[in-house]
Amino acid sequence: AILRQEHSALAAILHGLQFIAGKLERGEHFDVKVLRAMLFYIDSFPDRFHHPKEDGYLFPTIQKRTGAADAVIAKLEDEHHQGMLAIRVVEQRLLHYEEGGAAYGTALAESLHGYIESYRRHIRTEEEVLLPIAEQVLLQEDWQELDHVFTGHSDPLLGLDARQGFDRIFTHIVSIMPAPLGVGPAN
């Protein structure tokens, strides 16, 4: 349930990114700080908390119980790495857009669309392929351990509950994103 909740939050951010990509393609104005906040959330939460826990706990626990998921796990692990690289491309293209203007909007929109589609495919694979395997093979004690791991998103450097920080960032994004995706002012 925790994984699906986290995927839902990420899907909402991806939807917001798609909204902004559409504005870029149409040459419409959008608030760059909204895009920056969404990129910060995606870059920070999955890469620092969500994916390492999948790679370090969920995947090995499934592999301990079955080899049936080995190929999909290898693919998902590679996608975690590729996603970290892809977000850097988006961030670099945003910088070009901010400094160079509308001439860089198409490249930014293209990188957003590629990132969004890749991430959506990744989430679908986890939810439609991997989690059903996990539901079949994992034992109650496996789920208890995974629940403990995934509910504890404390920042090892700062000693803070990171989930609260990411919840605040998500709330901030919704508050500055214009309707219909958020409750912020219209652009």
# chains A, B, ... in the order shown; residues from 1 in each chain; ligands from 1
$ select_by_dssp --residues "stretch 55-163 of chain A" --states "helix (DSSP H, G or I)" --output "VMD selection string"
chain A and resid 55 to 65 70 to 100 102 to 137 140 to 151 162 to 163
$ residues_around --residues "stretch 66-80 of chain A" --least-positions-apart "4" --cutoff "8 Å" --atoms "only C-alpha atoms" --output "PyMOL selection string"
chain A and resi 47+51+55+59+62+84+122+126+129-130+133+137
$ write_last_selection --atoms "C-alpha atoms" --output "compact mmCIF listing (two decimals), in the first residue's frame"
# COMPACT_ATOMS: atom_id res chain seq x y z
CA ASP A 47 16.38 8.91 -5.89
CA HIS A 51 14.32 3.65 -5.26
CA ASP A 55 16.74 -1.80 -4.75
CA PHE A 59 13.87 -6.55 -4.84
CA ILE A 62 11.38 -11.01 -3.76
CA MET A 84 18.66 9.67 -12.38
CA HIS A 122 8.33 2.13 -14.92
CA GLU A 126 6.24 -2.26 -10.84
CA VAL A 129 4.21 -7.12 -13.02
CA LEU A 130 6.41 -6.96 -9.93
CA ILE A 133 4.64 -11.53 -8.04
CA VAL A 137 5.55 -15.18 -2.98
$ closest_residue --among "A:Tyr104, A:Tyr97, A:Phe45, A:Phe19" --to "A:His7" --atoms "only C-alpha atoms"
A:Phe45
$ residues_around --residues "A:Pro46" --least-positions-apart "3" --cutoff "10 Å" --atoms "only C-alpha atoms" --output "list of chain:residue names"
A:Glu6, A:His7, A:Leu10, A:Tyr41, A:Ile42, A:Asp43, A:Phe49, A:His50, A:His51, A:Pro52, A:Lys53, A:Glu54, A:His80, A:Gly83, A:Met84
$ write_last_selection --atoms "N, CA and C atoms" --output "PDB file, in the first residue's frame"
ATOM      1  N   GLU A   6       3.015   6.073  -2.755  1.00  0.00           N
ATOM      2  CA  GLU A   6       4.138   6.854  -3.267  1.00  0.00           C
ATOM      3  C   GLU A   6       4.061   6.978  -4.780  1.00  0.00           C
ATOM      4  N   HIS A   7       3.666   5.895  -5.448  1.00  0.00           N
ATOM      5  CA  HIS A   7       3.493   5.949  -6.898  1.00  0.00           C
ATOM      6  C   HIS A   7       2.389   6.936  -7.277  1.00  0.00           C
ATOM      7  N   LEU A  10       3.796  10.416  -7.082  1.00  0.00           N
ATOM      8  CA  LEU A  10       4.681  10.642  -8.224  1.00  0.00           C
ATOM      9  C   LEU A  10       3.876  10.804  -9.510  1.00  0.00           C
ATOM     10  N   TYR A  41      11.155  17.682  -6.168  1.00  0.00           N
ATOM     11  CA  TYR A  41      10.448  16.578  -5.522  1.00  0.00           C
ATOM     12  C   TYR A  41      10.815  15.245  -6.188  1.00  0.00           C
ATOM     13  N   ILE A  42      10.715  15.203  -7.514  1.00  0.00           N
ATOM     14  CA  ILE A  42      10.993  13.949  -8.225  1.00  0.00           C
ATOM     15  C   ILE A  42      12.452  13.551  -8.072  1.00  0.00           C
ATOM     16  N   ASP A  43      13.345  14.508  -8.185  1.00  0.00           N
ATOM     17  CA  ASP A  43      14.764  14.214  -8.084  1.00  0.00           C
ATOM     18  C   ASP A  43      15.132  13.751  -6.679  1.00  0.00           C
ATOM     19  N   PHE A  49      15.130   8.092  -1.514  1.00  0.00           N
ATOM     20  CA  PHE A  49      14.369   7.276  -0.567  1.00  0.00           C
ATOM     21  C   PHE A  49      13.648   6.100  -1.215  1.00  0.00           C
ATOM     22  N   HIS A  50      12.840   6.375  -2.200  1.00  0.00           N
ATOM     23  CA  HIS A  50      11.979   5.337  -2.772  1.00  0.00           C
ATOM     24  C   HIS A  50      12.786   4.253  -3.496  1.00  0.00           C
ATOM     25  N   HIS A  51      13.569   4.648  -4.485  1.00  0.00           N
ATOM     26  CA  HIS A  51      14.317   3.655  -5.264  1.00  0.00           C
ATOM     27  C   HIS A  51      15.368   2.899  -4.456  1.00  0.00           C
ATOM     28  N   PRO A  52      16.144   3.554  -3.580  1.00  0.00           N
ATOM     29  CA  PRO A  52      17.098   2.777  -2.786  1.00  0.00           C
ATOM     30  C   PRO A  52      16.430   1.707  -1.916  1.00  0.00           C
ATOM     31  N   LYS A  53      15.218   1.989  -1.443  1.00  0.00           N
ATOM     32  CA  LYS A  53      14.527   0.982  -0.628  1.00  0.00           C
ATOM     33  C   LYS A  53      13.987  -0.147  -1.489  1.00  0.00           C
ATOM     34  N   GLU A  54      13.583   0.169  -2.707  1.00  0.00           N
ATOM     35  CA  GLU A  54      13.199  -0.902  -3.622  1.00  0.00           C
ATOM     36  C   GLU A  54      14.417  -1.755  -3.960  1.00  0.00           C
ATOM     37  N   HIS A  80      15.975   2.731 -12.714  1.00  0.00           N
ATOM     38  CA  HIS A  80      16.268   3.646 -11.605  1.00  0.00           C
ATOM     39  C   HIS A  80      17.510   4.475 -11.951  1.00  0.00           C
ATOM     40  N   GLY A  83      16.794   6.848 -14.884  1.00  0.00           N
ATOM     41  CA  GLY A  83      15.958   7.966 -14.443  1.00  0.00           C
ATOM     42  C   GLY A  83      16.768   9.061 -13.784  1.00  0.00           C
ATOM     43  N   MET A  84      17.783   8.673 -13.009  1.00  0.00           N
ATOM     44  CA  MET A  84      18.658   9.665 -12.379  1.00  0.00           C
ATOM     45  C   MET A  84      19.397  10.478 -13.443  1.00  0.00           C
TER      46      MET A  84
END
$ atom_distance --atom1 "atom CA of A:Arg88" --atom2 "atom CA of A:Leu39"
9.7 Å
$ residues_around --residues "A:Arg26" --least-positions-apart "6" --cutoff "12 Å" --atoms "only C-alpha atoms" --output "list in words"
Phe19, Ile20, Ala102, Gly105, Thr106 and Ala109 of chain A
$ write_last_selection --atoms "all heavy atoms" --output "short mmCIF file (atom, residue, chain, number, x, y, z; two decimals), in the first residue's frame"
data_model
loop_
_atom_site.label_atom_id
_atom_site.label_comp_id
_atom_site.auth_asym_id
_atom_site.auth_seq_id
_atom_site.Cartn_x
_atom_site.Cartn_y
_atom_site.Cartn_z
N PHE A 19 1.39 18.78 -18.01
CA PHE A 19 0.67 20.04 -18.17
C PHE A 19 1.63 21.15 -18.59
O PHE A 19 1.37 21.91 -19.53
CB PHE A 19 -0.03 20.36 -16.85
CG PHE A 19 -0.76 21.67 -16.81
CD1 PHE A 19 -2.02 21.79 -17.39
CD2 PHE A 19 -0.21 22.77 -16.18
CE1 PHE A 19 -2.70 22.99 -17.34
CE2 PHE A 19 -0.88 23.98 -16.12
CZ PHE A 19 -2.13 24.09 -16.72
N ILE A 20 2.77 21.21 -17.92
CA ILE A 20 3.77 22.24 -18.24
C ILE A 20 4.39 21.98 -19.61
O ILE A 20 4.60 22.93 -20.38
CB ILE A 20 4.84 22.32 -17.13
CG1 ILE A 20 4.20 22.96 -15.88
CG2 ILE A 20 6.06 23.12 -17.59
CD1 ILE A 20 5.10 23.02 -14.67
N ALA A 102 12.61 31.30 -24.90
CA ALA A 102 11.64 30.41 -25.55
C ALA A 102 12.25 29.51 -26.62
O ALA A 102 11.70 28.45 -26.92
CB ALA A 102 10.50 31.24 -26.15
N GLY A 105 12.44 26.09 -25.43
CA GLY A 105 11.23 25.47 -24.93
C GLY A 105 10.93 24.11 -25.53
O GLY A 105 10.50 23.19 -24.83
N THR A 106 11.17 23.94 -26.82
CA THR A 106 10.89 22.67 -27.48
C THR A 106 11.76 21.56 -26.91
O THR A 106 11.27 20.45 -26.63
CB THR A 106 11.08 22.79 -29.00
OG1 THR A 106 10.18 23.79 -29.49
CG2 THR A 106 10.81 21.47 -29.71
N ALA A 109 10.47 20.67 -23.48
CA ALA A 109 9.23 19.89 -23.59
C ALA A 109 9.52 18.46 -24.01
O ALA A 109 8.94 17.51 -23.46
CB ALA A 109 8.27 20.56 -24.58
#
$ residues_around --residues "A:Ser8" --least-positions-apart "6" --cutoff "10 Å" --atoms "only C-alpha atoms" --output "PDB file with N, CA, C and O atoms, in the first residue's frame"
ATOM      1  N   ILE A   2       1.974   1.223   0.748  1.00  0.00           N
ATOM      2  CA  ILE A   2       2.856   2.384   0.812  1.00  0.00           C
ATOM      3  C   ILE A   2       3.471   2.654  -0.559  1.00  0.00           C
ATOM      4  O   ILE A   2       3.529   3.805  -1.011  1.00  0.00           O
ATOM      5  N   LEU A  14       3.932  13.804 -12.205  1.00  0.00           N
ATOM      6  CA  LEU A  14       4.127  13.555 -13.640  1.00  0.00           C
ATOM      7  C   LEU A  14       3.019  14.215 -14.454  1.00  0.00           C
ATOM      8  O   LEU A  14       3.266  14.767 -15.529  1.00  0.00           O
ATOM      9  N   ILE A 123       6.489   2.764 -13.468  1.00  0.00           N
ATOM     10  CA  ILE A 123       5.497   2.553 -12.414  1.00  0.00           C
ATOM     11  C   ILE A 123       4.528   1.436 -12.801  1.00  0.00           C
ATOM     12  O   ILE A 123       4.198   0.577 -11.972  1.00  0.00           O
TER      13      ILE A 123
END
$ atom_distance --atom1 "atom CA of A:Arg48" --atom2 "atom CA of A:Gly22"
28.4 Å
